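Taking it in order: structure first as structure tokens, then the write-up.
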There are 2 protein chains.
Amino acid sequence: MSANSRLTIAAHALAWIGLYQRQGHEVATSEKIAASANTNPVVIRRLLGELRRAGLVESRRGAGAGWSLARELGSITLLDVYEAVEAGPLFAMHRTTPDQGCVVGHGIQPAMRGIYQDIEETLRHKLARVTLEKVLRDVLAAPRQPL
Amino acid sequence: MSANSRLTIAAHALAWIGLYQRQGHEVATSEKIAASANTNPVVIRRLLGELRRAGLVESRRGAGAGWSLARELGSITLLDVYEAVEAGPLFAMHRTTPDQGCVVGHGIQPAMRGIYQDIEETLRHKLARVTLEKVLRDVLAAPRQPL
DNA sequence: TCCGTTGTAACGATTATCGTTACGACAGCC
DNA sequence: GGCTGTCGTAACGATAATCGTTACAACGGA
């Protein structure tokens, strides 16, 4: 499975913005977030743009511009983020239509589709039970680096 | 998520071999399976090779060669197949280490790791509850093509 | 010895993600 | 009104995974 870090980075950005705002700041810049995630600001802007389209964050342009949460961390779930930044289904069908003249070729797609739908439903339920508030709590609970 | 058809094709191949053997045949060839899945025999051989390494199928070479099940369809689960053909974790961490001097950068990976492990555990439980026997049953239950 | 199939290497096509550079658009501020 | 900092987005290359394909050696029964 071509593992995807988009959900991780998006959660990172949201947690970062949330903590930054609790520290009294108005808006967060993609450059500061990118420094924390150790990546390029454009990568952050692209991801946050998808989160904005999903109504999770807002952006201001012009001088003193940046990003802010559109909703409380406690009301945003990983499912919201997942649906905003992850495209397709977990598992794919055949690239080309199987032989419909074969019993297996004819019945395999309906069979797998039902199984996959059940699994993805479960995945969504799990993701929906984790708020970004909890993510930030877990982040802050990580043990400090010992000197 | 770059959706993956490997699990689908592997399940297809196993169901096909299982049905073929119930029809009285000894071994199945990669060419026949590939015709049903509408793909190339080498793709099938590669996937079945991974299933053989996992102890799910056996292969014979020489004349009259081909593939046969190493275990009953009822004792093979989608989790067995998933572990045999799917490589990495569902979700990935950052490509580069986040800024350890930042509170979020320092705590995000442990936090997400815990969440992801929980989700993957759930996925495995779901996959483990589906046998290839059930897959074949679902395949055969698909409505016939109306003429 | 012959022949059909596996086992596997090699290559190209396709696709997704990521990093990077570049630049126009925007809005507050002097 | 111009300056400045940031967003928004296009464009390109690098990387990696999967898939399809060709090719060929290895094997083993007839």
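Note on naming: chains are A, B, ... as they come in the structure tokens, residues start from 1 per chain, ligands start from 1 in the order shown.
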Chain A residues near chain C (10 Å cut-off, only C-alpha atoms (C1' of nucleotides)) as a PyMOL selection string: chain A and resi 2-6+39-43+60-65
Hey, list the chain D side of the contact with chain A: 9 Å cut-off, only C-alpha atoms (C1' of nucleotides), answer as a PDB file with N, CA and C atoms (P, O5', C5', C4', C3', O3' and C1' of nucleotides), in the first residue's frame.
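Result file follows (out.pdb):
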ATOM      1  P    DT D   4       9.288  47.662   0.673  1.00  0.00           P
ATOM      2  O5'  DT D   4       8.431  46.571   1.439  1.00  0.00           O
ATOM      3  C5'  DT D   4       7.741  46.931   2.635  1.00  0.00           C
ATOM      4  C4'  DT D   4       6.903  45.777   3.116  1.00  0.00           C
ATOM      5  C3'  DT D   4       7.537  44.406   2.865  1.00  0.00           C
ATOM      6  O3'  DT D   4       7.413  43.613   4.023  1.00  0.00           O
ATOM      7  C1'  DT D   4       5.347  44.459   1.991  1.00  0.00           C
ATOM      8  P    DG D   5       8.401  42.336   4.293  1.00  0.00           P
ATOM      9  O5'  DG D   5       7.366  41.217   4.777  1.00  0.00           O
ATOM     10  C5'  DG D   5       6.370  41.559   5.735  1.00  0.00           C
ATOM     11  C4'  DG D   5       5.156  40.684   5.544  1.00  0.00           C
ATOM     12  C3'  DG D   5       5.481  39.191   5.373  1.00  0.00           C
ATOM     13  O3'  DG D   5       4.570  38.451   6.152  1.00  0.00           O
ATOM     14  C1'  DG D   5       4.165  39.944   3.564  1.00  0.00           C
ATOM     15  P    DT D   6       4.903  36.897   6.532  1.00  0.00           P
ATOM     16  O5'  DT D   6       3.754  36.115   5.775  1.00  0.00           O
ATOM     17  C5'  DT D   6       2.412  36.373   6.120  1.00  0.00           C
ATOM     18  C4'  DT D   6       1.507  35.967   4.993  1.00  0.00           C
ATOM     19  C3'  DT D   6       1.693  34.527   4.494  1.00  0.00           C
ATOM     20  O3'  DT D   6       0.616  33.730   4.967  1.00  0.00           O
ATOM     21  C1'  DT D   6       1.324  36.097   2.715  1.00  0.00           C
ATOM     22  P    DC D   7       0.456  32.184   4.442  1.00  0.00           P
ATOM     23  O5'  DC D   7      -0.674  32.314   3.317  1.00  0.00           O
ATOM     24  C5'  DC D   7      -1.899  32.921   3.649  1.00  0.00           C
ATOM     25  C4'  DC D   7      -2.694  33.249   2.396  1.00  0.00           C
ATOM     26  C3'  DC D   7      -3.196  32.037   1.618  1.00  0.00           C
ATOM     27  O3'  DC D   7      -4.522  32.287   1.176  1.00  0.00           O
ATOM     28  C1'  DC D   7      -1.857  33.385   0.201  1.00  0.00           C
ATOM     29  P    DG D   8      -5.414  31.045   0.623  1.00  0.00           P
ATOM     30  O5'  DG D   8      -5.007  30.966  -0.906  1.00  0.00           O
ATOM     31  C5'  DG D   8      -5.509  31.955  -1.794  1.00  0.00           C
ATOM     32  C4'  DG D   8      -5.201  31.568  -3.227  1.00  0.00           C
ATOM     33  C3'  DG D   8      -5.405  30.093  -3.557  1.00  0.00           C
ATOM     34  O3'  DG D   8      -6.121  30.003  -4.778  1.00  0.00           O
ATOM     35  C1'  DG D   8      -3.196  30.753  -4.130  1.00  0.00           C
ATOM     36  P    DT D   9      -6.619  28.606  -5.347  1.00  0.00           P
ATOM     37  O5'  DT D   9      -5.494  28.315  -6.443  1.00  0.00           O
ATOM     38  C5'  DT D   9      -5.067  29.385  -7.262  1.00  0.00           C
ATOM     39  C4'  DT D   9      -3.883  28.958  -8.100  1.00  0.00           C
ATOM     40  C3'  DT D   9      -3.837  27.469  -8.484  1.00  0.00           C
ATOM     41  O3'  DT D   9      -3.579  27.386  -9.849  1.00  0.00           O
ATOM     42  C1'  DT D   9      -1.759  28.168  -7.701  1.00  0.00           C
ATOM     43  P    DA D  16      12.799   6.517  -3.746  1.00  0.00           P
ATOM     44  O5'  DA D  16      11.363   5.824  -3.813  1.00  0.00           O
ATOM     45  C5'  DA D  16      10.291   6.399  -3.088  1.00  0.00           C
ATOM     46  C4'  DA D  16       8.999   5.765  -3.522  1.00  0.00           C
ATOM     47  C3'  DA D  16       9.095   4.259  -3.777  1.00  0.00           C
ATOM     48  O3'  DA D  16       8.111   3.597  -2.990  1.00  0.00           O
ATOM     49  C1'  DA D  16       8.022   5.346  -5.586  1.00  0.00           C
ATOM     50  P    DA D  17       8.143   1.986  -2.850  1.00  0.00           P
ATOM     51  O5'  DA D  17       6.734   1.567  -3.464  1.00  0.00           O
ATOM     52  C5'  DA D  17       5.582   2.273  -3.054  1.00  0.00           C
ATOM     53  C4'  DA D  17       4.428   1.914  -3.962  1.00  0.00           C
ATOM     54  C3'  DA D  17       4.372   0.424  -4.314  1.00  0.00           C
ATOM     55  O3'  DA D  17       3.075  -0.088  -4.027  1.00  0.00           O
ATOM     56  C1'  DA D  17       4.350   1.770  -6.293  1.00  0.00           C
TER      57       DA D  17
END
Within 8 Å of chain B, which residues of chain A show up? Give each one with its shortest atom-to-atom distance in Å (one decimal) and the two atoms involved, counting only C-alpha atoms, rows by chain then rising residue number, as CSV.
residue,atom,partner,partner_atom,distance
A:Met1,CA,B:Gly88,CA,5.7
A:Ser2,CA,B:Ser2,CA,6.1
A:Ala3,CA,B:Ala92,CA,5.2
A:Asn4,CA,B:Ala92,CA,5.1
A:Ser5,CA,B:Ala92,CA,4.6
A:Leu7,CA,B:Phe91,CA,7.5
A:Thr8,CA,B:Met93,CA,6.1
A:Ile9,CA,B:His94,CA,6.8
A:His12,CA,B:Ile108,CA,6.5
A:Ala15,CA,B:Val104,CA,7.2
A:Trp16,CA,B:Val104,CA,6.1
A:Ala35,CA,B:Asp99,CA,6.9
A:Ser36,CA,B:Asp99,CA,5.0
A:Ala37,CA,B:Pro98,CA,4.6
A:Asn38,CA,B:Pro98,CA,5.0
A:Thr39,CA,B:Thr96,CA,7.6
A:Glu86,CA,B:Met1,CA,6.0
A:Ala87,CA,B:Met1,CA,5.9
A:Gly88,CA,B:Met1,CA,5.8
A:Pro89,CA,B:Ala3,CA,6.3
A:Leu90,CA,B:Ala3,CA,5.7
A:Phe91,CA,B:Asn4,CA,5.2
A:Ala92,CA,B:Ser5,CA,4.6
A:Met93,CA,B:Ser5,CA,5.4
A:His94,CA,B:Ser5,CA,5.9
A:Arg95,CA,B:Ser5,CA,7.5
A:Thr96,CA,B:Asn38,CA,6.5
A:Thr97,CA,B:Asn38,CA,6.7
A:Pro98,CA,B:Ala37,CA,4.6
A:Asp99,CA,B:Ser36,CA,4.9
A:Cys102,CA,B:Ser36,CA,6.2
A:Val103,CA,B:Leu140,CA,7.0
A:Val104,CA,B:Trp16,CA,6.1
A:Gly105,CA,B:Ser36,CA,5.4
A:His106,CA,B:Ala142,CA,7.7
A:Gly107,CA,B:Val139,CA,4.2
A:Ile108,CA,B:Val139,CA,5.2
A:Gln109,CA,B:Val139,CA,8.0
A:Pro110,CA,B:Ala142,CA,6.9
A:Ala111,CA,B:Asp138,CA,5.2
A:Met112,CA,B:Thr8,CA,7.1
A:Ile119,CA,B:Lys126,CA,6.6
A:Thr122,CA,B:Leu123,CA,7.9
A:Leu123,CA,B:Ile119,CA,6.9
A:Lys126,CA,B:Ile119,CA,6.6
A:Leu127,CA,B:Ile119,CA,7.9
A:Val135,CA,B:Ala111,CA,6.4
A:Leu136,CA,B:Val104,CA,7.9
A:Asp138,CA,B:Ala111,CA,5.2
A:Val139,CA,B:Gly107,CA,4.2
A:Leu140,CA,B:Gly107,CA,6.2
A:Ala141,CA,B:Gly107,CA,7.4
A:Ala142,CA,B:Gly107,CA,5.1
A:Pro143,CA,B:Gly107,CA,7.9
If you run DSSP on the backbone here, which positions in chain B get strand (DSSP E)? Please write them as a PyMOL selection string. chain B and resi 57-60+66-69
Dump as a tab-separated table (two decimals), in the first residue's frame, selection limited to N, CA, C and O atoms:
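Listed below is the output, result-v9.tsv:
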chain	number	residue	atom	x	y	z
B	57	VAL	N	-0.99	-21.29	-1.01
B	57	VAL	CA	-1.11	-22.10	-2.22
B	57	VAL	C	0.19	-22.84	-2.46
B	57	VAL	O	1.22	-22.54	-1.84
B	58	GLU	N	0.12	-23.83	-3.35
B	58	GLU	CA	1.31	-24.56	-3.77
B	58	GLU	C	1.40	-24.52	-5.28
B	58	GLU	O	0.39	-24.35	-5.96
B	59	SER	N	2.62	-24.69	-5.78
B	59	SER	CA	2.78	-24.70	-7.23
B	59	SER	C	3.59	-25.92	-7.64
B	59	SER	O	4.47	-26.37	-6.90
B	60	ARG	N	3.28	-26.44	-8.81
B	60	ARG	CA	4.04	-27.54	-9.39
B	60	ARG	C	4.61	-27.07	-10.71
B	60	ARG	O	3.96	-26.35	-11.45
B	66	GLY	N	1.09	-26.19	-12.44
B	66	GLY	CA	0.03	-25.24	-12.11
B	66	GLY	C	-0.06	-25.02	-10.62
B	66	GLY	O	0.85	-25.37	-9.86
B	67	TRP	N	-1.17	-24.42	-10.19
B	67	TRP	CA	-1.35	-23.99	-8.82
B	67	TRP	C	-2.49	-24.72	-8.15
B	67	TRP	O	-3.49	-25.07	-8.78
B	68	SER	N	-2.33	-24.99	-6.86
B	68	SER	CA	-3.41	-25.59	-6.09
B	68	SER	C	-3.41	-24.99	-4.70
B	68	SER	O	-2.41	-24.42	-4.25
B	69	LEU	N	-4.54	-25.12	-4.02
B	69	LEU	CA	-4.65	-24.56	-2.67
B	69	LEU	C	-3.83	-25.38	-1.69
B	69	LEU	O	-3.81	-26.61	-1.76
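When only C-alpha atoms are used to compute distances to Glu72 of chain A, the closest of the residues A:Ala10, A:Gly18, A:Arg129, A:Gly55 turns out to be A:Gly18.
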Would you mind writing down, as a list in words, each residue of segment 82-113 of chain B that DSSP on the backbone assigns to helix (DSSP H, G or I)? Tyr82, Glu83, Ala84, Val85, Val103, Val104, Gly105, His106, Gly107, Ile108, Gln109, Pro110, Ala111, Met112 and Arg113 of chain B
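Relative to atom C1' of DA30 of chain D, atom CA of Leu51 of chain B is found at 29.5 Å.
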